[in-house]
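Here is the structure we will look at, set down as C-alpha cells.
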Amino acid sequence: MATTTTKTRPRFRRPTPSRAGRGEVRFAVALLLPAALVVFGVVLYPAVRTLVVSLFDVTSAMPGSYPFVGLRNYTKVFGDPSFYTVLWHTAYFTLVSTALELTLGIGVAMVLNAPLKARWLWRSLVVLPWALPTIVDGALWRWIYNGQYGALNGLLSALHITDANHQWLGSPFLALNMVIIADVWKNTSVVAFFVLAGLQTIPHDLYEAARMDGAGPVRSFLRVTLPLLRPSIAVVLILRTIEAFKVFDIIYVMTGGGPASGTQTVAFYTYQQAFSNQLFGYGSALAYLIALAVFALAMMYLRILRQGAMAGVK
C-alpha cells in the first residue's frame, strides 16, 4: 500500500519591525514634529480660524459673541463698488509689473550670459536690488519721488529737462505707475537669474547650427533661445504673478494706499477693512477670496507649464 506524502508550503511571516527600526521611526517623527507644529501654528490654524471668522459678523478684536451671517460677508464683497476698483488696481499692477520684469529680466540675463570681463562682479551688482528688504526699497523710492527734495526732480533739473518740482506721488494713476517702477527695479533681478539659469542649459551647438543656416541674432533668439527658455519663463510667471497679486508692503511704505485710494490693491484693501475699520469678518472673507484667486492663478500657470512640457516631449 503506497503512502502519499504531502508537502507543506512554508508559511511566510511578515517581518516584525526590529527594535532598531522602531527607534528610527520614533527619531524621524521627533525630527518632523517641530516642523509640523510650525506648519499647524502658522498656516493651518490661522487658515481655519480665518474661515470661521469670515462666517460671522466680527466687528471687534475683543472676544465676545458675534452673530452668524453665513456667506453674507462674501456676497457683500461682490456688492461693494470699492472692491472692483481695487481689483482693477491689482490687475493693472500685476500685468504691467510682471510684463516689464519679464522683458527687462530676459534682457539682463542675455547680457550676464555674454562673455564679459569680471562677469561675477556684474552678477553680484544685479542681485543687490532684490537683496534689499522691501521696506527699505519702498522708503528709498519714496525719497527719490519726493516733490520737494527728491533725487528724480534733481536729476531732471541737472539734465535741463525740467525745472518744475513734480509731485510724482501726487495723482492716483501716476502714483500707481511710480510704485510699479519701484517694484520692477527690485524684482527684475529675480527674473534675470531664473532666465540666466535657463540660458546656461542651452547647448552652444544649437547657435552654431542656426548660424550655419543663415540665422542672425534676432532669428536665433526667436527660434532657439525663446522656445528653450519656456520652462524658466513659466516658473517666473507663476512666482511673479502670485507675488504681484498679493502686493502690500511696498504700497504701505510708499503711498499708504493713496492718494485718493489710487494705489490700493486687494491685499491693502483687506488689511484696511480688517485692521483699520475692524471689520474682521468682512476682511477674512476678502482674505479667502484672495487665496482662492492666487490658487486659481497657480493652477492655470501649472497647467500651461505641463502642456508646454508635454509638447516638448512630443
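Just so we're on the same page: first chain in the C-alpha cells is A, next is B, and so on; residues restart at 1 for each chain, and ligands are numbered from 1 in the order they show up.
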
**Request:** Pick out the residues sitting within 12 Å of Trp88 in chain A, and hand them over as number ranges by chain; count only C-alpha atoms, and ignore anything fewer than 4 positions along from it in its own chain.
**Result:** A: 81-84, 92-95, 173, 176, 245, 262-266

**Asked** Which neighbours of Ser189 in chain A fall inside 12 Å, counting only C-alpha atoms, when residues of the same chain fewer than 5 positions from it are skipped, and could you give them as a PyMOL selection string?
**Response** chain A and resi 100-109+112+122-132+183-184+194-196+236+240

**Message:** Which of range 122-239 of chain A end up as alpha helix (DSSP H) when DSSP is run on this backbone - answer as JSON, numbers by chain?
**Reply:** {"A": [122, 123, 124, 125, 126, 127, 128, 129, 130, 131, 134, 135, 136, 137, 138, 139, 140, 141, 142, 143, 144, 151, 152, 153, 154, 155, 156, 157, 158, 172, 173, 174, 175, 176, 177, 178, 179, 180, 181, 182, 183, 184, 185, 186, 187, 188, 189, 190, 191, 192, 193, 194, 195, 196, 197, 198, 199, 204, 205, 206, 207, 208, 209, 210, 211, 212, 217, 218, 219, 220, 226, 227, 228, 230, 231, 232, 233, 234, 235, 236, 237, 238, 239]}

**Nearby residues (only C-alpha atoms) at most 12 Å from Ala234 in chain A, same-chain spacing under 3 positions excluded, as a list of chain:residue names** = A:Thr98, A:Leu102, A:Val191, A:Phe194, A:Val195, A:Gly198, A:Leu226, A:Pro227, A:Leu228, A:Leu229, A:Arg230, A:Pro231, A:Leu237, A:Ile238, A:Leu239, A:Arg240, A:Thr241, A:Ala298, A:Met300, A:Tyr301, A:Leu302, A:Arg303, A:Ile304, A:Leu305, A:Arg306, A:Gln307, A:Gly308, A:Ala309

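Closest approach to Ile242 in chain A from the set A:Asp57, A:Ile180, A:Val294, A:Val52 is made by A:Val294, with distances taken over only C-alpha atoms.
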